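Participant: target.pdb (PDB, C-alpha atoms) pasted underneath:
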ATOM      1  CA  MET A   1     -22.636  12.544  16.635
ATOM      2  CA  THR A   2     -21.596  16.176  16.157
ATOM      3  CA  VAL A   3     -20.103  18.113  13.261
ATOM      4  CA  ALA A   4     -16.679  17.918  14.932
ATOM      5  CA  ASP A   5     -17.011  14.125  15.242
ATOM      6  CA  VAL A   6     -17.828  13.820  11.546
ATOM      7  CA  LYS A   7     -14.774  15.911  10.570
ATOM      8  CA  LYS A   8     -12.465  14.008  12.932
ATOM      9  CA  ASN A   9     -13.735  10.625  11.729
ATOM     10  CA  THR A  10     -13.367  11.736   8.101
ATOM     11  CA  GLU A  11      -9.764  12.837   8.606
ATOM     12  CA  GLN A  12      -8.865   9.574  10.370
ATOM     13  CA  ARG A  13     -10.399   7.472   7.584
ATOM     14  CA  MET A  14      -8.625   9.505   4.895
ATOM     15  CA  GLN A  15      -5.328   9.084   6.775
ATOM     16  CA  LYS A  16      -5.902   5.310   6.807
ATOM     17  CA  SER A  17      -6.375   5.435   3.018
ATOM     18  CA  ILE A  18      -2.982   7.166   2.709
ATOM     19  CA  GLU A  19      -1.358   4.528   4.965
ATOM     20  CA  THR A  20      -2.884   1.758   2.833
ATOM     21  CA  LEU A  21      -1.572   3.416  -0.326
ATOM     22  CA  LYS A  22       1.921   3.685   1.182
ATOM     23  CA  SER A  23       1.770  -0.005   2.087
ATOM     24  CA  ASP A  24       0.588  -0.959  -1.415
ATOM     25  CA  LEU A  25       3.266   1.183  -3.077
ATOM     26  CA  SER A  26       5.999  -0.375  -0.942
ATOM     27  CA  LYS A  27       5.181  -3.728  -2.571
ATOM     28  CA  VAL A  28       5.736  -2.366  -6.081
ATOM     29  CA  ARG A  29       9.143  -3.420  -7.318
ATOM     30  CA  THR A  30      11.702  -0.804  -8.265
ATOM     31  CA  GLY A  31      15.174  -1.290  -9.694
ATOM     32  CA  ARG A  32      16.668  -1.946  -6.259
ATOM     33  CA  ALA A  33      16.015  -4.881  -3.991
ATOM     34  CA  HIS A  34      13.948  -4.283  -0.870
ATOM     35  CA  THR A  35      12.395  -6.708   1.575
ATOM     36  CA  GLY A  36       8.897  -5.250   1.096
ATOM     37  CA  ILE A  37       8.411  -7.083  -2.193
ATOM     38  CA  LEU A  38       8.279 -10.393  -0.297
ATOM     39  CA  ASP A  39       5.836  -9.162   2.391
ATOM     40  CA  HIS A  40       2.745 -10.574   0.706
ATOM     41  CA  VAL A  41       4.338 -13.926  -0.238
ATOM     42  CA  GLN A  42       2.487 -16.799   1.477
ATOM     43  CA  VAL A  43       4.347 -19.984   2.470
ATOM     44  CA  ASP A  44       2.649 -23.335   3.129
ATOM     45  CA  TYR A  45       3.575 -23.808   6.794
ATOM     46  CA  TYR A  46       2.269 -27.221   7.876
ATOM     47  CA  GLY A  47      -0.888 -26.781   5.795
ATOM     48  CA  THR A  48      -1.498 -23.127   6.702
ATOM     49  CA  ALA A  49      -0.777 -20.200   4.397
ATOM     50  CA  THR A  50       1.595 -17.997   6.397
ATOM     51  CA  HIS A  51       3.428 -14.778   5.515
ATOM     52  CA  ILE A  52       7.093 -15.354   4.716
ATOM     53  CA  THR A  53       8.130 -12.899   7.463
ATOM     54  CA  GLN A  54       6.541 -15.225  10.052
ATOM     55  CA  VAL A  55       8.619 -18.264   9.064
ATOM     56  CA  ALA A  56      11.930 -16.663   8.076
ATOM     57  CA  ASN A  57      14.193 -13.683   8.586
ATOM     58  CA  VAL A  58      14.149 -11.483   5.458
ATOM     59  CA  THR A  59      17.147  -9.153   4.981
ATOM     60  CA  LEU A  60      19.044  -7.303   2.281
ATOM     61  CA  ILE A  61      22.389  -8.849   1.414
ATOM     62  CA  ASP A  62      23.312  -6.116  -1.082
ATOM     63  CA  ALA A  63      21.587  -3.627  -3.419
ATOM     64  CA  ARG A  64      20.323  -6.377  -5.744
ATOM     65  CA  THR A  65      19.982  -9.421  -3.447
ATOM     66  CA  ILE A  66      17.489 -10.320  -0.718
ATOM     67  CA  GLY A  67      18.455 -12.960   1.841
ATOM     68  CA  VAL A  68      15.840 -15.258   3.375
ATOM     69  CA  GLN A  69      16.938 -17.237   6.444
ATOM     70  CA  PRO A  70      14.248 -19.800   7.417
ATOM     71  CA  TRP A  71      13.874 -20.545  11.118
ATOM     72  CA  GLU A  72      13.392 -24.235  10.337
ATOM     73  CA  LYS A  73      15.684 -25.995   7.837
ATOM     74  CA  LYS A  74      12.855 -28.094   6.409
ATOM     75  CA  MET A  75      11.041 -24.900   5.313
ATOM     76  CA  ILE A  76      13.744 -23.986   2.754
ATOM     77  CA  SER A  77      12.119 -25.767  -0.208
ATOM     78  CA  ALA A  78       8.611 -24.494   0.696
ATOM     79  CA  ILE A  79       9.849 -20.897   0.924
ATOM     80  CA  GLU A  80      11.790 -21.190  -2.331
ATOM     81  CA  LYS A  81       8.676 -22.589  -4.077
ATOM     82  CA  ALA A  82       6.459 -19.824  -2.616
ATOM     83  CA  ILE A  83       8.804 -17.092  -3.889
ATOM     84  CA  ARG A  84       8.943 -18.688  -7.340
ATOM     85  CA  ASP A  85       5.139 -19.088  -7.466
ATOM     86  CA  ALA A  86       4.458 -15.504  -6.289
ATOM     87  CA  ASP A  87       4.773 -14.212  -9.882
ATOM     88  CA  LEU A  88       7.306 -11.532  -8.936
ATOM     89  CA  GLY A  89       9.802 -12.506 -11.631
ATOM     90  CA  LEU A  90      12.274 -13.669  -8.969
ATOM     91  CA  ASN A  91      14.353 -16.839  -9.083
ATOM     92  CA  PRO A  92      15.611 -17.814  -5.607
ATOM     93  CA  SER A  93      18.604 -20.094  -5.066
ATOM     94  CA  THR A  94      19.599 -21.971  -1.923
ATOM     95  CA  GLN A  95      23.075 -21.749  -0.410
ATOM     96  CA  GLY A  96      23.263 -23.942   2.672
ATOM     97  CA  ASP A  97      20.506 -22.787   5.004
ATOM     98  CA  MET A  98      20.146 -19.362   3.311
ATOM     99  CA  ILE A  99      17.969 -18.545   0.318
ATOM    100  CA  ARG A 100      19.386 -15.832  -1.940
ATOM    101  CA  VAL A 101      16.859 -13.945  -4.055
ATOM    102  CA  PRO A 102      18.590 -11.861  -6.733
ATOM    103  CA  THR A 103      16.393  -9.121  -8.179
ATOM    104  CA  PRO A 104      17.040  -8.726 -11.892
ATOM    105  CA  PRO A 105      17.163  -5.188 -13.270
ATOM    106  CA  LEU A 106      13.831  -4.060 -14.667
ATOM    107  CA  THR A 107      13.418  -3.709 -18.408
ATOM    108  CA  GLU A 108      11.975  -0.484 -19.824
ATOM    109  CA  GLU A 109       8.737  -2.307 -20.661
ATOM    110  CA  ARG A 110       8.458  -3.708 -17.111
ATOM    111  CA  ARG A 111       9.109  -0.234 -15.641
ATOM    112  CA  LYS A 112       6.207   1.152 -17.685
ATOM    113  CA  GLU A 113       3.973  -1.671 -16.420
ATOM    114  CA  MET A 114       5.018  -0.805 -12.863
ATOM    115  CA  VAL A 115       4.149   2.883 -13.447
ATOM    116  CA  LYS A 116       0.687   1.813 -14.675
ATOM    117  CA  LEU A 117       0.283  -0.305 -11.537
ATOM    118  CA  VAL A 118       1.349   2.655  -9.360
ATOM    119  CA  LYS A 119      -1.191   4.918 -11.108
ATOM    120  CA  THR A 120      -3.927   2.314 -10.592
ATOM    121  CA  GLU A 121      -3.115   2.109  -6.875
ATOM    122  CA  GLY A 122      -3.222   5.913  -6.688
ATOM    123  CA  GLU A 123      -6.567   6.088  -8.452
ATOM    124  CA  ASP A 124      -7.978   3.495  -6.046
ATOM    125  CA  ALA A 125      -6.782   5.622  -3.108
ATOM    126  CA  LYS A 126      -8.391   8.742  -4.599
ATOM    127  CA  ILE A 127     -11.666   6.868  -5.067
ATOM    128  CA  ALA A 128     -11.533   5.726  -1.438
ATOM    129  CA  ILE A 129     -10.938   9.312  -0.288
ATOM    130  CA  ARG A 130     -13.850  10.593  -2.391
ATOM    131  CA  ASN A 131     -16.106   7.871  -0.980
ATOM    132  CA  ILE A 132     -15.132   8.984   2.534
ATOM    133  CA  ARG A 133     -16.028  12.561   1.545
ATOM    134  CA  ARG A 134     -19.416  11.374   0.281
ATOM    135  CA  ASP A 135     -20.070   9.499   3.560
ATOM    136  CA  ALA A 136     -19.100  12.584   5.567
ATOM    137  CA  ASN A 137     -21.400  14.831   3.530
ATOM    138  CA  GLU A 138     -24.263  12.370   4.006
ATOM    139  CA  SER A 139     -23.629  12.352   7.760
ATOM    140  CA  LEU A 140     -23.646  16.150   7.794
ATOM    141  CA  LYS A 141     -26.948  16.246   5.861
ATOM    142  CA  LYS A 142     -28.411  13.777   8.350
ATOM    143  CA  LEU A 143     -27.280  16.015  11.241
ATOM    144  CA  LEU A 144     -28.981  18.963   9.537
ATOM    145  CA  LYS A 145     -32.146  16.930   8.941
ATOM    146  CA  ASP A 146     -32.175  15.819  12.592
ATOM    147  CA  LYS A 147     -31.681  19.491  13.548
ATOM    148  CA  ALA A 148     -28.412  18.650  15.367
ATOM    149  CA  CYS A 149     -26.671  21.536  13.563
ATOM    150  CA  SER A 150     -27.563  24.712  11.700
ATOM    151  CA  GLU A 151     -27.432  25.119   7.920
ATOM    152  CA  ASP A 152     -24.423  27.424   8.285
ATOM    153  CA  ASP A 153     -22.560  24.837  10.383
ATOM    154  CA  GLU A 154     -23.382  22.132   7.859
ATOM    155  CA  ARG A 155     -22.184  24.305   4.941
ATOM    156  CA  ARG A 156     -18.929  25.212   6.765
ATOM    157  CA  ALA A 157     -18.360  21.556   7.672
ATOM    158  CA  GLN A 158     -18.877  20.492   4.038
ATOM    159  CA  ASP A 159     -16.308  23.101   2.987
ATOM    160  CA  ASP A 160     -13.884  21.737   5.609
ATOM    161  CA  VAL A 161     -14.471  18.178   4.381
ATOM    162  CA  GLN A 162     -13.765  19.348   0.816
ATOM    163  CA  LYS A 163     -10.514  20.999   1.976
ATOM    164  CA  LEU A 164      -9.528  17.745   3.710
ATOM    165  CA  THR A 165     -10.321  15.825   0.528
ATOM    166  CA  ASP A 166      -8.203  18.197  -1.570
ATOM    167  CA  LYS A 167      -5.332  17.913   0.937
ATOM    168  CA  PHE A 168      -5.345  14.107   0.907
ATOM    169  CA  VAL A 169      -5.766  13.864  -2.886
ATOM    170  CA  SER A 170      -2.728  16.126  -3.334
ATOM    171  CA  GLU A 171      -0.813  13.905  -0.882
ATOM    172  CA  VAL A 172      -1.741  10.883  -3.037
ATOM    173  CA  ASP A 173      -0.466  12.739  -6.129
ATOM    174  CA  LYS A 174       2.804  13.529  -4.331
ATOM    175  CA  LEU A 175       3.284   9.882  -3.270
ATOM    176  CA  LEU A 176       2.570   8.722  -6.835
ATOM    177  CA  ALA A 177       5.072  11.168  -8.325
ATOM    178  CA  GLU A 178       7.778   9.976  -5.892
ATOM    179  CA  LYS A 179       7.099   6.311  -6.625
ATOM    180  CA  GLU A 180       6.994   6.885 -10.418
ATOM    181  CA  LYS A 181      10.352   8.635 -10.239
ATOM    182  CA  GLU A 182      11.744   5.772  -8.126
ATOM    183  CA  VAL A 183      10.444   3.142 -10.579
ATOM    184  CA  LEU A 184      11.730   4.929 -13.679
ATOM    185  CA  THR A 185      15.196   5.633 -12.229
ATOM    186  CA  VAL A 186      17.666   3.198 -13.776
TER     187      VAL A 186
END
So, in terms of structure tokens, how does the structure I just supplied come out?
Facilitator:
Amino acid sequence: MTVADVKKNTEQRMQKSIETLKSDLSKVRTGRAHTGILDHVQVDYYGTATHITQVANVTLIDARTIGVQPWEKKMISAIEKAIRDADLGLNPSTQGDMIRVPTPPLTEERRKEMVKLVKTEGEDAKIAIRNIRRDANESLKKLLKDKACSEDDERRAQDDVQKLTDKFVSEVDKLLAEKEKEVLTV
């Protein structure tokens, strides 16, 4: 492994942390309906826990209503139960072979809880990024110890890793600010 490999690997891992954060933030409910809030809902599909998107078509009917169209009619009650049990504060209702999931407007208290959740997700992402930095610095020290690079190269590489860390932490802060604004907008 070379210094360049360590830096490249570090950047890729930090980018994955950002992608994970984006995915986690998309599940946080805002005032508007969006299909992402049902992504992690698991439905009992013939004894196997399966994601709702694998047993039904999930769409937006309007700004406050999500439509769930099961591919098999006998799955309607299982999907409805899974949405109710997911602890999302949603109350689905069946109309024919379509399940309508109205999203109630968030109360001020619930919005503040959501902001706390967003901040927690952001802090977890920052911790992951810092752990990646630590791993990279350890790899660089090992390269120096094994005499695979000079002290100057190791020092420069550590500075580059720190710059990468700062860049990704600021990106996390930017994502958090956007999501907070989205959650608090009535």
Participant: Would you translate the PyMOL selection byres ((chain A and resi 94) around 10) into the concrete set of residues it matches in this file, as a list of chain:residue names?
Facilitator: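 Output of the PyMOL selection byres ((chain A and resi 94) around 10): A:Gly67, A:Val68, A:Gln69, A:Ile76, A:Ser77, A:Glu80, A:Pro92, A:Ser93, A:Gln95, A:Gly96, A:Asp97, A:Met98, A:Ile99, A:Arg100, A:Val101.
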Participant: Work out how far CA of Val161 in chain A is from CA of Lys7 in chain A, in Å to one decimal.
Facilitator: 6.6 Å
Participant: Identify, on the basis of all atoms listed in the file, every residue whose closest approach to Thr165 in chain A does not exceed 8 Å; exclude the query and any residue fewer than 4 positions from it along the same chain; express the result as a list in words.
Facilitator: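 Counting all atoms listed in the file, the residues come to Met14, Ile129, Arg130, Arg133, Val161 and Val169 of chain A.
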Participant: Which residues match the PyMOL selection byres ((chain A and resi 116) around 12) in the file above, as a list in words?
Facilitator: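 That expression, the PyMOL selection byres ((chain A and resi 116) around 12), corresponds here to Leu25, Val28, Glu109, Arg110, Arg111, Lys112, Glu113, Met114, Val115, Leu117, Val118, Lys119, Thr120, Glu121, Gly122, Glu123, Leu176, Lys179, Glu180, Val183 and Leu184 of chain A.
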Participant: Just the selected residues (C-alpha atoms), exported as a PDB file, keeping the file's coordinate frame, please.
Facilitator:
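selection-v3.pdb, written as the output of this step:
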ATOM      1  CA  LEU A  25       3.266   1.183  -3.077  1.00  0.00           C
ATOM      2  CA  VAL A  28       5.736  -2.366  -6.081  1.00  0.00           C
ATOM      3  CA  GLU A 109       8.737  -2.307 -20.661  1.00  0.00           C
ATOM      4  CA  ARG A 110       8.458  -3.708 -17.111  1.00  0.00           C
ATOM      5  CA  ARG A 111       9.109  -0.234 -15.641  1.00  0.00           C
ATOM      6  CA  LYS A 112       6.207   1.152 -17.685  1.00  0.00           C
ATOM      7  CA  GLU A 113       3.973  -1.671 -16.420  1.00  0.00           C
ATOM      8  CA  MET A 114       5.018  -0.805 -12.863  1.00  0.00           C
ATOM      9  CA  VAL A 115       4.149   2.883 -13.447  1.00  0.00           C
ATOM     10  CA  LEU A 117       0.283  -0.305 -11.537  1.00  0.00           C
ATOM     11  CA  VAL A 118       1.349   2.655  -9.360  1.00  0.00           C
ATOM     12  CA  LYS A 119      -1.191   4.918 -11.108  1.00  0.00           C
ATOM     13  CA  THR A 120      -3.927   2.314 -10.592  1.00  0.00           C
ATOM     14  CA  GLU A 121      -3.115   2.109  -6.875  1.00  0.00           C
ATOM     15  CA  GLY A 122      -3.222   5.913  -6.688  1.00  0.00           C
ATOM     16  CA  GLU A 123      -6.567   6.088  -8.452  1.00  0.00           C
ATOM     17  CA  LEU A 176       2.570   8.722  -6.835  1.00  0.00           C
ATOM     18  CA  LYS A 179       7.099   6.311  -6.625  1.00  0.00           C
ATOM     19  CA  GLU A 180       6.994   6.885 -10.418  1.00  0.00           C
ATOM     20  CA  VAL A 183      10.444   3.142 -10.579  1.00  0.00           C
ATOM     21  CA  LEU A 184      11.730   4.929 -13.679  1.00  0.00           C
TER      22      LEU A 184
END
Participant: Could the centre and edge lengths of an axis-aligned box, enclosing all atoms of range 112-121 of chain A in the file with 8 Å extra on each side, be given in Å to one decimal as lines of an AutoDock Vina configuration file?
Facilitator:
center_x = 1.1
center_y = 1.6
center_z = -12.3
size_x = 26.1
size_y = 22.6
size_z = 26.8
Participant: Translate the PyMOL selection byres ((chain A and resi 147-155) around 12), as applied to the file shown, into an explicit residue set as a VMD selection string.
Facilitator: chain A and resid 1 to 4 6 to 7 136 to 146 156 to 162
Participant: If you count only C-alpha atoms, which residues fall within 10 Å of Lys27 in chain A, apart from same-chain ones fewer than 2 positions away, as a PDB file with C-alpha atoms, in the coordinates of the input?
Facilitator:
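Below is the file that was written, result28.pdb:
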ATOM      1  CA  LYS A  22       1.921   3.685   1.182  1.00  0.00           C
ATOM      2  CA  SER A  23       1.770  -0.005   2.087  1.00  0.00           C
ATOM      3  CA  ASP A  24       0.588  -0.959  -1.415  1.00  0.00           C
ATOM      4  CA  LEU A  25       3.266   1.183  -3.077  1.00  0.00           C
ATOM      5  CA  ARG A  29       9.143  -3.420  -7.318  1.00  0.00           C
ATOM      6  CA  THR A  30      11.702  -0.804  -8.265  1.00  0.00           C
ATOM      7  CA  HIS A  34      13.948  -4.283  -0.870  1.00  0.00           C
ATOM      8  CA  THR A  35      12.395  -6.708   1.575  1.00  0.00           C
ATOM      9  CA  GLY A  36       8.897  -5.250   1.096  1.00  0.00           C
ATOM     10  CA  ILE A  37       8.411  -7.083  -2.193  1.00  0.00           C
ATOM     11  CA  LEU A  38       8.279 -10.393  -0.297  1.00  0.00           C
ATOM     12  CA  ASP A  39       5.836  -9.162   2.391  1.00  0.00           C
ATOM     13  CA  HIS A  40       2.745 -10.574   0.706  1.00  0.00           C
TER      14      HIS A  40
END
Participant: From the list A:Leu164, A:Ile132, A:Leu175, A:Leu90, which residue is nearest Thr65 in chain A when using only C-alpha atoms?
Facilitator: A:Leu90
Participant: Please measure the separation of CA of Glu182 in chain A and CA of Gln42 in chain A, giving the value in Å to one decimal.
Facilitator: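 Computing the Euclidean distance for CA of Glu182 in chain A and CA of Gln42 in chain A yields 26.2 Å.
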Participant: Select, from A:Ser170, A:Val41, A:Thr20, A:Glu11, the residue with the minimum atom-to-atom distance to Asp87 in chain A, counting all atoms listed in the file.
Facilitator: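 Looking only at the distances to Asp87 in chain A, the closest residue turns out to be A:Val41.
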Participant: Write out as a ChimeraX atom specification the residues lying within 7 Å of Pro70 in chain A, counting all atoms listed in the file and excluding same-chain residues fewer than 6 positions away.
Facilitator: /A:55-57,76
Participant: Closest to Ala49 in chain A among A:Ile66, A:Ala78, A:Ile61, A:Ala33, using all atoms listed in the file?
Facilitator: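 Residue with the minimum atom-to-atom distance to Ala49 in chain A: A:Ala78.
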Participant: Any idea what's packed within 10 Å of Arg32 in chain A, counting all atoms listed in the file, ignoring anything in its chain fewer than 6 positions away? Could you give it as a PDB file with C-alpha atoms, keeping the file's coordinate frame?
Facilitator:
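Contents of part-v9.pdb, as written:
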ATOM      1  CA  ASP A  62      23.312  -6.116  -1.082  1.00  0.00           C
ATOM      2  CA  ALA A  63      21.587  -3.627  -3.419  1.00  0.00           C
ATOM      3  CA  ARG A  64      20.323  -6.377  -5.744  1.00  0.00           C
ATOM      4  CA  THR A  65      19.982  -9.421  -3.447  1.00  0.00           C
ATOM      5  CA  THR A 103      16.393  -9.121  -8.179  1.00  0.00           C
ATOM      6  CA  PRO A 104      17.040  -8.726 -11.892  1.00  0.00           C
ATOM      7  CA  PRO A 105      17.163  -5.188 -13.270  1.00  0.00           C
ATOM      8  CA  LEU A 106      13.831  -4.060 -14.667  1.00  0.00           C
ATOM      9  CA  GLU A 182      11.744   5.772  -8.126  1.00  0.00           C
ATOM     10  CA  VAL A 183      10.444   3.142 -10.579  1.00  0.00           C
ATOM     11  CA  THR A 185      15.196   5.633 -12.229  1.00  0.00           C
ATOM     12  CA  VAL A 186      17.666   3.198 -13.776  1.00  0.00           C
TER      13      VAL A 186
END
Participant: Between CA of Ile52 in chain A and CA of Ile79 in chain A, what is the distance, to one decimal in Å?
Facilitator: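 These atoms are spaced 7.3 Å apart.
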Participant: Please determine, counting only C-alpha atoms, which residue among A:Met75, A:Leu88, A:Ile83, A:Ile18 has the shortest atom-to-atom distance to Lys126 in chain A.
Facilitator: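 Smallest distance to Lys126 in chain A is found for A:Ile18.
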